[in-house]
$ cat work_34.csv   # CSV, C-alpha atoms
chain,number,residue,atom,x,y,z
A,26,MET,CA,-23.6,58.0,16.8
A,27,LEU,CA,-20.0,57.6,17.7
A,28,ALA,CA,-18.9,59.2,14.5
A,29,SER,CA,-21.2,62.2,15.0
A,30,LEU,CA,-20.0,62.5,18.6
A,31,PHE,CA,-16.4,62.6,17.5
A,32,PHE,CA,-16.5,64.5,14.2
A,33,VAL,CA,-19.2,67.0,15.0
A,34,TYR,CA,-19.8,67.6,18.7
A,35,LEU,CA,-16.2,67.0,19.9
A,36,PHE,CA,-14.9,69.6,17.4
A,37,ILE,CA,-17.7,72.0,18.3
A,38,GLY,CA,-16.7,71.6,22.0
A,39,ALA,CA,-13.1,72.2,21.1
A,40,THR,CA,-13.9,75.3,19.2
A,41,ILE,CA,-15.9,76.7,22.1
A,42,TYR,CA,-13.0,76.0,24.5
A,43,ILE,CA,-10.5,77.7,22.1
A,44,SER,CA,-12.8,80.7,21.9
A,45,LEU,CA,-12.6,81.0,25.7
A,46,SER,CA,-8.9,80.5,25.9
A,47,ASN,CA,-5.8,82.6,25.5
A,48,TRP,CA,-4.7,80.7,22.3
A,49,ARG,CA,-3.9,83.5,19.8
A,50,LEU,CA,-1.1,82.3,17.5
A,51,GLY,CA,-0.7,78.8,16.2
A,52,THR,CA,3.0,78.8,17.1
A,53,SER,CA,2.3,79.6,20.8
A,54,ARG,CA,-0.5,77.4,22.0
A,55,ASP,CA,-2.0,78.7,25.2
A,56,LEU,CA,-5.1,76.8,26.3
A,57,SER,CA,-5.5,78.6,29.6
A,58,ILE,CA,-8.9,80.2,30.1
A,59,ARG,CA,-8.9,83.9,29.4
A,60,GLU,CA,-10.1,86.2,32.2
A,61,PRO,CA,-12.8,87.4,32.4
A,62,LEU,CA,-14.6,84.4,31.0
A,63,GLY,CA,-16.0,85.2,27.5
A,64,ALA,CA,-13.7,88.3,27.1
A,65,THR,CA,-13.0,87.3,23.5
A,66,TYR,CA,-16.7,87.5,22.6
A,67,GLY,CA,-16.9,90.9,24.2
A,68,GLU,CA,-13.9,92.0,22.2
A,69,ILE,CA,-15.2,91.0,18.8
A,70,PHE,CA,-18.7,92.4,19.4
A,71,ALA,CA,-17.1,95.7,20.3
A,72,GLU,CA,-15.2,95.8,17.0
A,73,GLN,CA,-16.5,98.0,14.2
A,74,ARG,CA,-15.7,95.2,11.7
A,75,PHE,CA,-17.7,92.5,13.5
A,76,GLN,CA,-20.6,94.8,14.1
A,77,ALA,CA,-20.6,95.5,10.3
A,78,ASP,CA,-20.5,91.7,9.7
A,79,ILE,CA,-23.6,91.1,11.8
A,80,ARG,CA,-25.4,93.9,10.1
A,81,ASN,CA,-24.3,92.7,6.6
A,82,ILE,CA,-25.3,89.1,7.2
A,83,THR,CA,-28.6,90.1,8.6
A,84,ILE,CA,-29.5,92.4,5.7
A,85,PHE,CA,-28.2,90.0,3.2
A,86,THR,CA,-30.2,87.1,4.6
A,87,VAL,CA,-33.5,89.0,4.8
A,88,LEU,CA,-33.2,90.4,1.2
A,89,PHE,CA,-31.9,87.2,-0.2
A,90,LEU,CA,-34.7,85.1,1.3
A,91,VAL,CA,-37.4,87.5,0.2
A,92,ILE,CA,-36.2,87.5,-3.4
A,93,ALA,CA,-35.2,83.8,-3.7
A,94,VAL,CA,-38.3,82.4,-2.0
A,95,LEU,CA,-40.8,84.7,-3.8
A,96,GLY,CA,-39.0,84.3,-7.1
A,97,GLY,CA,-38.9,80.5,-6.7
A,98,LEU,CA,-42.7,80.5,-5.8
A,99,ALA,CA,-43.5,82.6,-8.9
A,100,ALA,CA,-41.3,80.4,-11.2
A,101,ALA,CA,-42.9,77.2,-9.8
A,102,LEU,CA,-46.4,78.4,-10.4
A,103,LEU,CA,-45.5,79.4,-13.9
A,104,VAL,CA,-43.7,76.2,-14.8
A,105,HIS,CA,-46.4,74.0,-13.1
A,106,HIS,CA,-49.0,75.4,-15.4
A,107,VAL,CA,-47.0,75.2,-18.6
A,108,ALA,CA,-48.6,72.7,-20.9
A,109,VAL,CA,-45.7,72.3,-23.4
A,110,GLY,CA,-42.0,72.3,-22.6
A,111,ALA,CA,-42.3,72.4,-18.8
A,112,GLY,CA,-39.1,70.3,-18.6
A,113,VAL,CA,-37.2,72.8,-20.6
A,114,PHE,CA,-38.3,75.7,-18.4
A,115,ARG,CA,-37.3,73.7,-15.3
A,116,LEU,CA,-33.9,73.1,-16.8
A,117,ILE,CA,-33.4,76.8,-17.6
A,118,PHE,CA,-34.3,77.9,-14.0
A,119,MET,CA,-32.2,75.1,-12.5
A,120,LEU,CA,-29.0,75.7,-14.6
A,121,PRO,CA,-27.7,78.6,-12.4
A,122,TYR,CA,-27.8,76.3,-9.3
A,123,ALA,CA,-25.3,74.0,-11.1
A,124,LEU,CA,-22.7,76.7,-11.1
A,125,SER,CA,-20.3,77.4,-8.2
A,126,PHE,CA,-20.5,80.6,-6.3
A,127,ILE,CA,-17.1,81.5,-7.5
A,128,VAL,CA,-18.3,81.5,-11.2
A,129,THR,CA,-21.4,83.4,-10.3
A,130,GLY,CA,-19.4,85.9,-8.4
A,131,VAL,CA,-17.0,86.6,-11.3
A,132,VAL,CA,-19.9,87.1,-13.7
A,133,TRP,CA,-21.9,89.4,-11.5
A,134,ARG,CA,-18.8,91.3,-10.5
A,135,TRP,CA,-18.4,92.2,-14.2
A,136,ILE,CA,-22.1,93.1,-14.5
A,137,PHE,CA,-21.9,95.5,-11.6
A,138,ASN,CA,-18.5,96.9,-12.4
A,139,PRO,CA,-18.8,100.7,-11.7
A,140,GLY,CA,-17.1,101.5,-15.0
A,141,SER,CA,-19.0,99.1,-17.2
A,142,GLY,CA,-21.8,96.6,-17.0
A,143,VAL,CA,-25.1,97.8,-15.7
A,144,ASN,CA,-23.8,101.4,-15.2
A,145,VAL,CA,-23.4,101.8,-19.0
A,146,LEU,CA,-27.1,101.1,-19.3
A,147,LEU,CA,-28.0,103.4,-16.5
A,148,GLU,CA,-26.0,106.2,-18.0
A,149,GLY,CA,-27.6,105.6,-21.4
A,150,LEU,CA,-31.0,106.1,-19.7
A,151,GLY,CA,-29.9,109.4,-18.3
A,152,VAL,CA,-29.0,108.4,-14.7
A,153,GLU,CA,-26.2,110.7,-13.5
A,154,ASN,CA,-23.6,109.4,-11.0
A,155,PRO,CA,-24.8,105.7,-10.9
A,156,PRO,CA,-23.9,103.7,-7.8
A,157,GLY,CA,-20.4,102.3,-7.3
A,158,TRP,CA,-22.1,99.0,-6.3
A,159,THR,CA,-19.6,96.8,-4.6
A,160,THR,CA,-17.3,99.7,-4.0
A,161,ASP,CA,-20.0,102.0,-2.7
A,162,THR,CA,-19.7,102.8,1.0
A,163,ARG,CA,-23.2,104.4,1.4
A,164,VAL,CA,-25.8,102.9,3.7
A,165,LEU,CA,-29.4,103.3,2.6
A,166,GLY,CA,-32.0,104.2,5.2
A,167,ALA,CA,-29.5,104.6,8.0
A,168,LEU,CA,-31.2,104.7,11.4
A,169,ASN,CA,-28.3,106.2,13.2
A,170,GLU,CA,-24.9,107.8,12.7
A,171,ALA,CA,-21.7,105.8,13.2
A,172,SER,CA,-19.8,106.8,16.3
A,173,GLY,CA,-16.3,105.9,17.3
A,174,THR,CA,-17.0,106.5,21.0
A,175,GLU,CA,-20.2,104.6,21.7
A,176,PHE,CA,-20.6,100.8,21.6
A,177,LEU,CA,-22.4,100.9,18.3
A,178,ARG,CA,-19.8,102.0,15.7
A,179,ILE,CA,-21.7,101.4,12.5
A,180,GLU,CA,-24.7,102.7,10.6
A,181,LEU,CA,-27.7,100.5,10.8
A,182,GLY,CA,-29.2,100.3,7.3
A,183,ILE,CA,-28.8,98.6,3.9
A,184,PRO,CA,-25.3,98.9,2.4
A,185,VAL,CA,-25.5,99.7,-1.3
A,186,ALA,CA,-22.6,97.3,-1.9
A,187,LEU,CA,-24.7,94.4,-0.7
A,188,ILE,CA,-27.4,94.9,-3.3
A,189,PRO,CA,-25.5,93.3,-6.2
A,190,ILE,CA,-24.4,90.4,-4.0
A,191,VAL,CA,-28.0,89.7,-3.0
A,192,ILE,CA,-29.0,89.8,-6.7
A,193,GLY,CA,-26.3,87.4,-7.6
A,194,ALA,CA,-27.1,84.9,-4.8
A,195,ALA,CA,-30.8,85.1,-5.5
A,196,TRP,CA,-30.3,84.5,-9.2
A,197,GLN,CA,-28.4,81.3,-8.5
A,198,LEU,CA,-30.7,79.8,-5.9
A,199,THR,CA,-34.1,80.9,-7.1
A,200,GLY,CA,-34.2,77.7,-9.2
A,201,PHE,CA,-33.5,75.6,-6.0
A,202,ALA,CA,-36.5,77.2,-4.3
A,203,MET,CA,-38.5,76.6,-7.4
A,204,ALA,CA,-37.7,72.9,-7.3
A,205,ILE,CA,-39.0,72.7,-3.7
A,206,PHE,CA,-42.2,74.5,-4.6
A,207,LEU,CA,-42.7,72.3,-7.6
A,208,ALA,CA,-42.6,69.2,-5.4
A,209,GLY,CA,-45.2,70.8,-3.1
A,210,LEU,CA,-47.5,71.7,-6.0
A,211,ALA,CA,-47.3,68.2,-7.4
A,212,ALA,CA,-48.5,66.9,-4.0
A,213,ILE,CA,-51.7,69.1,-3.9
A,214,PRO,CA,-54.7,66.9,-4.7
A,215,GLU,CA,-56.5,68.1,-7.8
A,216,GLU,CA,-59.8,67.5,-6.0
A,217,TYR,CA,-59.2,70.5,-3.8
A,218,LEU,CA,-58.7,72.8,-6.8
A,219,GLU,CA,-61.7,71.3,-8.6
A,220,ALA,CA,-64.0,71.7,-5.5
A,221,ALA,CA,-62.9,75.3,-5.1
A,222,GLN,CA,-63.6,76.0,-8.8
A,223,ILE,CA,-67.0,74.4,-8.6
A,224,ASP,CA,-67.8,76.6,-5.6
A,225,GLY,CA,-67.1,79.6,-7.7
A,226,ALA,CA,-63.6,80.5,-6.5
A,227,GLY,CA,-61.5,82.5,-9.0
A,228,LEU,CA,-57.9,82.0,-9.9
A,229,TRP,CA,-56.6,84.3,-7.1
A,230,GLN,CA,-59.0,82.9,-4.6
A,231,ARG,CA,-57.8,79.3,-5.3
A,232,LEU,CA,-54.2,80.5,-5.1
A,233,ARG,CA,-54.7,82.3,-1.8
A,234,HIS,CA,-57.0,79.8,0.0
A,235,VAL,CA,-56.0,76.5,-1.5
A,236,VAL,CA,-52.5,76.5,-3.1
A,237,LEU,CA,-50.6,78.7,-0.7
A,238,PRO,CA,-51.8,77.0,2.5
A,239,GLN,CA,-50.9,73.6,1.0
A,240,LEU,CA,-47.4,75.0,0.2
A,241,ALA,CA,-46.7,76.0,3.8
A,242,PRO,CA,-44.4,73.0,4.5
A,243,SER,CA,-42.5,73.6,1.2
A,244,SER,CA,-42.1,77.3,2.2
A,245,VAL,CA,-40.7,76.4,5.6
A,246,THR,CA,-38.3,73.9,4.0
A,247,ALA,CA,-37.1,76.4,1.4
A,248,ILE,CA,-36.6,79.2,3.9
A,249,VAL,CA,-34.6,77.0,6.3
A,250,LEU,CA,-32.4,75.5,3.6
A,251,LEU,CA,-31.7,78.9,2.0
A,252,LEU,CA,-31.2,80.5,5.4
A,253,HIS,CA,-28.4,78.0,6.1
A,254,VAL,CA,-26.8,79.0,2.8
A,255,ALA,CA,-27.2,82.7,3.5
A,256,LEU,CA,-25.7,82.7,7.1
A,257,LYS,CA,-22.5,80.8,5.9
A,258,ILE,CA,-22.0,82.8,2.7
A,259,PHE,CA,-18.4,83.2,1.8
A,260,ASP,CA,-17.2,82.3,-1.7
A,261,LEU,CA,-19.7,84.5,-3.6
A,262,ILE,CA,-18.7,87.6,-1.6
A,263,MET,CA,-15.0,86.8,-1.9
A,264,ALA,CA,-15.4,86.5,-5.7
A,265,MET,CA,-17.4,89.7,-6.0
A,266,SER,CA,-15.9,92.2,-3.5
A,267,GLY,CA,-14.2,90.7,-0.5
A,268,SER,CA,-14.6,92.7,2.6
A,269,GLY,CA,-15.2,95.8,0.7
A,270,PRO,CA,-14.2,99.4,1.6
A,271,GLY,CA,-15.1,100.1,5.2
A,272,PHE,CA,-16.2,96.4,5.6
A,273,VAL,CA,-19.5,97.2,3.7
A,274,THR,CA,-19.6,93.6,2.3
A,275,ASP,CA,-17.7,91.8,5.1
A,276,VAL,CA,-19.5,88.8,6.6
A,277,PRO,CA,-18.6,86.5,9.6
A,278,GLY,CA,-17.3,83.8,7.2
A,279,ILE,CA,-14.6,86.2,5.8
A,280,TYR,CA,-13.9,87.4,9.4
A,281,VAL,CA,-13.1,83.8,10.5
A,282,TYR,CA,-11.0,83.2,7.4
A,283,ASP,CA,-8.9,86.3,8.0
A,284,TYR,CA,-8.2,85.5,11.6
A,285,LEU,CA,-7.5,81.8,11.3
A,286,THR,CA,-3.7,82.5,11.0
A,287,SER,CA,-3.4,85.3,13.6
A,288,ARG,CA,-6.1,85.0,16.3
A,289,TYR,CA,-7.4,81.5,16.9
A,290,ASP,CA,-9.5,82.7,19.8
A,291,LYS,CA,-11.3,85.3,17.7
A,292,ALA,CA,-11.8,83.1,14.7
A,293,SER,CA,-13.3,80.4,17.0
A,294,ALA,CA,-15.5,82.9,18.8
A,295,ALA,CA,-16.9,84.2,15.5
A,296,SER,CA,-17.5,80.6,14.3
A,297,ILE,CA,-19.5,79.9,17.4
A,298,VAL,CA,-21.6,83.1,16.8
A,299,MET,CA,-22.3,81.8,13.3
A,300,LEU,CA,-23.3,78.4,14.7
A,301,VAL,CA,-25.7,80.0,17.2
A,302,MET,CA,-27.3,82.2,14.6
A,303,THR,CA,-27.9,79.1,12.5
A,304,LEU,CA,-29.3,77.0,15.4
A,305,ILE,CA,-31.7,79.8,16.4
A,306,PHE,CA,-33.6,78.9,13.2
A,307,ILE,CA,-32.6,75.2,12.6
A,308,ILE,CA,-33.6,73.9,16.1
A,309,PRO,CA,-37.3,75.1,15.9
A,310,TYR,CA,-37.5,73.6,12.4
A,311,LEU,CA,-36.1,70.2,13.6
A,312,MET,CA,-38.5,70.2,16.6
A,313,ARG,CA,-41.4,71.0,14.3
A,314,SER,CA,-40.4,68.2,11.9
A,315,TYR,CA,-40.0,65.7,14.8
A,316,ARG,CA,-43.5,66.5,16.2
A,317,ARG,CA,-45.0,66.2,12.8
A,318,ASP,CA,-43.4,62.8,12.2
A,319,LYS,CA,-44.4,61.6,15.6
A,320,GLU,CA,-48.0,62.6,15.1
A,321,ALA,CA,-48.0,60.9,11.7

$ encode --input "work_34.csv" --output "structure tokens"
Amino acid sequence: MLASLFFVYLFIGATIYISLSNWRLGTSRDLSIREPLGATYGEIFAEQRFQADIRNITIFTVLFLVIAVLGGLAAALLVHHVAVGAGVFRLIFMLPYALSFIVTGVVWRWIFNPGSGVNVLLEGLGVENPPGWTTDTRVLGALNEASGTEFLRIELGIPVALIPIVIGAAWQLTGFAMAIFLAGLAAIPEEYLEAAQIDGAGLWQRLRHVVLPQLAPSSVTAIVLLLHVALKIFDLIMAMSGSGPGFVTDVPGIYVYDYLTSRYDKASAASIVMLVMTLIFIIPYLMRSYRRDKEA
């Protein structure tokens, strides 16, 4: 408890205090409280870059979770029912998880290079002017137009440049989700499936009414763990594109990294925003787990 208090909560408290202070440069420490209180948070939320960061991390997290969780579920169902060589298939799906995000980023950066990689295949199929991928500044399905005068200075939509990053991240972590679902499938009593089959339930009915409800705890676990990975993503994006043109691939992690040597208050404020975004989902999960353990 003392170690957690010192190494976790004390440093979180210090980061909150610095985010509220006038400490900008490391060489001139100023721990006086900035007026008005919370002005640094207002400053970063008014910036075009940080608004793009929030949009990008939200879009990335949603797309990544959908692909990784559904892909992991599909892979788990397939591997679970393989009669011969199930261990080999598990190994194949889990191998990408053993790589670092830097290695994954380098590989997928080459695959989505605008002048080579997947664009060569698209041009061979007759696609004219294929996307620039990580260098593309377009925003798909934009709900508004960017304005330099209003508070909202970005287009709300799906940046094209984020698509290859989502694919690379999902490719690496689908195996991790698969492992979680495989554990859940192994815990389903065979009697449930046999009873449903005797009652005349077909394959899809057993999947919908027996398997998927039993996998609900595994689904929640996979979503929460992958959500944590998505919200703090940094190295994969740095390896593939960095902030990108017009900050189309910038995320809060890169924002914090860039300001660590120039604006301590802004870097700390952005860190606290990342923490709050994570806690919004982690706290309900922990409370649910606590109630379940208490009832058990």

$ residues_around --input "work_34.csv" --residues "Val298 (chain A)" --least-positions-apart "2" --cutoff "12 Å" --atoms "all atoms listed in the file" --output "VMD selection string"
chain A and resid 37 40 to 41 44 65 to 67 69 to 70 75 78 to 79 82 256 to 257 276 to 278 280 to 281 291 to 296 300 to 305

$ atom_distance --input "work_34.csv" --atom1 "CA of Arg163 (chain A)" --atom2 "CA of Ala77 (chain A)"
12.9 Å

$ residues_around --input "work_34.csv" --residues "region 178-195 of chain A" --least-positions-apart "4" --cutoff "7 Å" --atoms "only C-alpha atoms" --output "VMD selection string"
chain A and resid 73 76 to 77 84 to 85 88 to 89 92 to 93 129 133 137 158 to 173 199 262 273 to 274

$ residues_around --input "work_34.csv" --residues "Ile117 (chain A)" --least-positions-apart "6" --cutoff "12 Å" --atoms "all atoms listed in the file" --output "PyMOL selection string"
chain A and resi 100+104+110-111+123+196-197+199-201+203-204

$ residues_around --input "work_34.csv" --residues "Glu215 (chain A)" --least-positions-apart "4" --cutoff "12 Å" --atoms "all atoms listed in the file" --output "list in words"
Leu210, Ala211, Glu219, Ala220, Ala221, Gln222, Arg231, Val235, Val236 and Gln239 of chain A

$ build_atoms --input "work_34.csv" --residues "region 34-69 of chain A" --atoms "N, CA and C atoms" --output "compact mmCIF listing (two decimals), keeping the file's coordinate frame"
# COMPACT_ATOMS: atom_id res chain seq x y z
N TYR A 34 -19.64 66.94 17.43
CA TYR A 34 -19.80 67.60 18.70
C TYR A 34 -18.48 67.76 19.47
N LEU A 35 -17.54 66.83 19.30
CA LEU A 35 -16.20 67.00 19.90
C LEU A 35 -15.52 68.23 19.38
N PHE A 36 -15.60 68.42 18.05
CA PHE A 36 -14.90 69.60 17.40
C PHE A 36 -15.65 70.88 17.77
N ILE A 37 -16.98 70.82 17.89
CA ILE A 37 -17.70 72.00 18.30
C ILE A 37 -17.28 72.39 19.74
N GLY A 38 -17.18 71.37 20.62
CA GLY A 38 -16.70 71.60 22.00
C GLY A 38 -15.32 72.19 22.02
N ALA A 39 -14.43 71.66 21.16
CA ALA A 39 -13.10 72.20 21.10
C ALA A 39 -13.02 73.61 20.64
N THR A 40 -13.87 73.95 19.66
CA THR A 40 -13.90 75.30 19.20
C THR A 40 -14.42 76.28 20.24
N ILE A 41 -15.43 75.83 21.02
CA ILE A 41 -15.90 76.70 22.10
C ILE A 41 -14.81 76.89 23.14
N TYR A 42 -14.07 75.83 23.47
CA TYR A 42 -13.00 76.00 24.50
C TYR A 42 -11.92 76.93 23.97
N ILE A 43 -11.53 76.79 22.69
CA ILE A 43 -10.50 77.70 22.10
C ILE A 43 -10.98 79.13 22.16
N SER A 44 -12.28 79.35 21.90
CA SER A 44 -12.80 80.70 21.90
C SER A 44 -12.76 81.34 23.30
N LEU A 45 -12.71 80.51 24.32
CA LEU A 45 -12.60 81.00 25.70
C LEU A 45 -11.23 81.06 26.24
N SER A 46 -10.26 80.59 25.44
CA SER A 46 -8.90 80.50 25.90
C SER A 46 -8.05 81.68 25.49
N ASN A 47 -6.75 81.59 25.82
CA ASN A 47 -5.80 82.60 25.50
C ASN A 47 -4.98 82.24 24.21
N TRP A 48 -5.44 81.23 23.47
CA TRP A 48 -4.70 80.70 22.30
C TRP A 48 -4.89 81.74 21.16
N ARG A 49 -3.83 82.47 20.85
CA ARG A 49 -3.90 83.50 19.80
C ARG A 49 -3.16 83.06 18.55
N LEU A 50 -1.91 82.67 18.68
CA LEU A 50 -1.10 82.30 17.50
C LEU A 50 -0.89 80.79 17.51
N GLY A 51 -0.87 80.22 16.29
CA GLY A 51 -0.70 78.80 16.20
C GLY A 51 0.66 78.31 16.69
N THR A 52 1.65 79.21 16.67
CA THR A 52 3.00 78.80 17.10
C THR A 52 3.16 78.87 18.61
N SER A 53 2.22 79.47 19.31
CA SER A 53 2.30 79.60 20.80
C SER A 53 0.99 79.19 21.39
N ARG A 54 0.75 77.90 21.48
CA ARG A 54 -0.50 77.40 22.00
C ARG A 54 -0.68 77.69 23.46
N ASP A 55 -1.72 78.38 23.81
CA ASP A 55 -2.00 78.70 25.20
C ASP A 55 -3.49 78.37 25.44
N LEU A 56 -3.74 77.24 26.10
CA LEU A 56 -5.10 76.80 26.30
C LEU A 56 -5.67 77.17 27.66
N SER A 57 -4.97 78.08 28.34
CA SER A 57 -5.50 78.60 29.60
C SER A 57 -6.74 79.45 29.34
N ILE A 58 -7.71 79.44 30.24
CA ILE A 58 -8.90 80.20 30.10
C ILE A 58 -8.68 81.68 30.25
N ARG A 59 -9.15 82.46 29.31
CA ARG A 59 -8.90 83.90 29.40
C ARG A 59 -9.86 84.53 30.42
N GLU A 60 -9.32 85.46 31.14
CA GLU A 60 -10.10 86.20 32.20
C GLU A 60 -10.38 87.60 31.69
N PRO A 61 -11.61 88.10 31.92
CA PRO A 61 -12.80 87.40 32.40
C PRO A 61 -13.32 86.40 31.42
N LEU A 62 -14.10 85.45 31.86
CA LEU A 62 -14.60 84.40 31.00
C LEU A 62 -15.49 85.06 29.88
N GLY A 63 -15.20 84.67 28.63
CA GLY A 63 -16.00 85.20 27.50
C GLY A 63 -15.46 86.57 27.03
N ALA A 64 -14.26 86.96 27.45
CA ALA A 64 -13.70 88.30 27.10
C ALA A 64 -13.53 88.39 25.56
N THR A 65 -13.22 87.27 24.91
CA THR A 65 -13.00 87.30 23.50
C THR A 65 -14.30 87.67 22.74
N TYR A 66 -15.43 87.15 23.24
CA TYR A 66 -16.70 87.50 22.60
C TYR A 66 -17.02 88.97 22.80
N GLY A 67 -16.74 89.51 23.99
CA GLY A 67 -16.90 90.90 24.20
C GLY A 67 -16.03 91.76 23.30
N GLU A 68 -14.81 91.26 23.05
CA GLU A 68 -13.90 92.00 22.20
C GLU A 68 -14.37 92.05 20.76
N ILE A 69 -14.84 90.93 20.22
CA ILE A 69 -15.20 91.00 18.80
C ILE A 69 -16.55 91.74 18.63
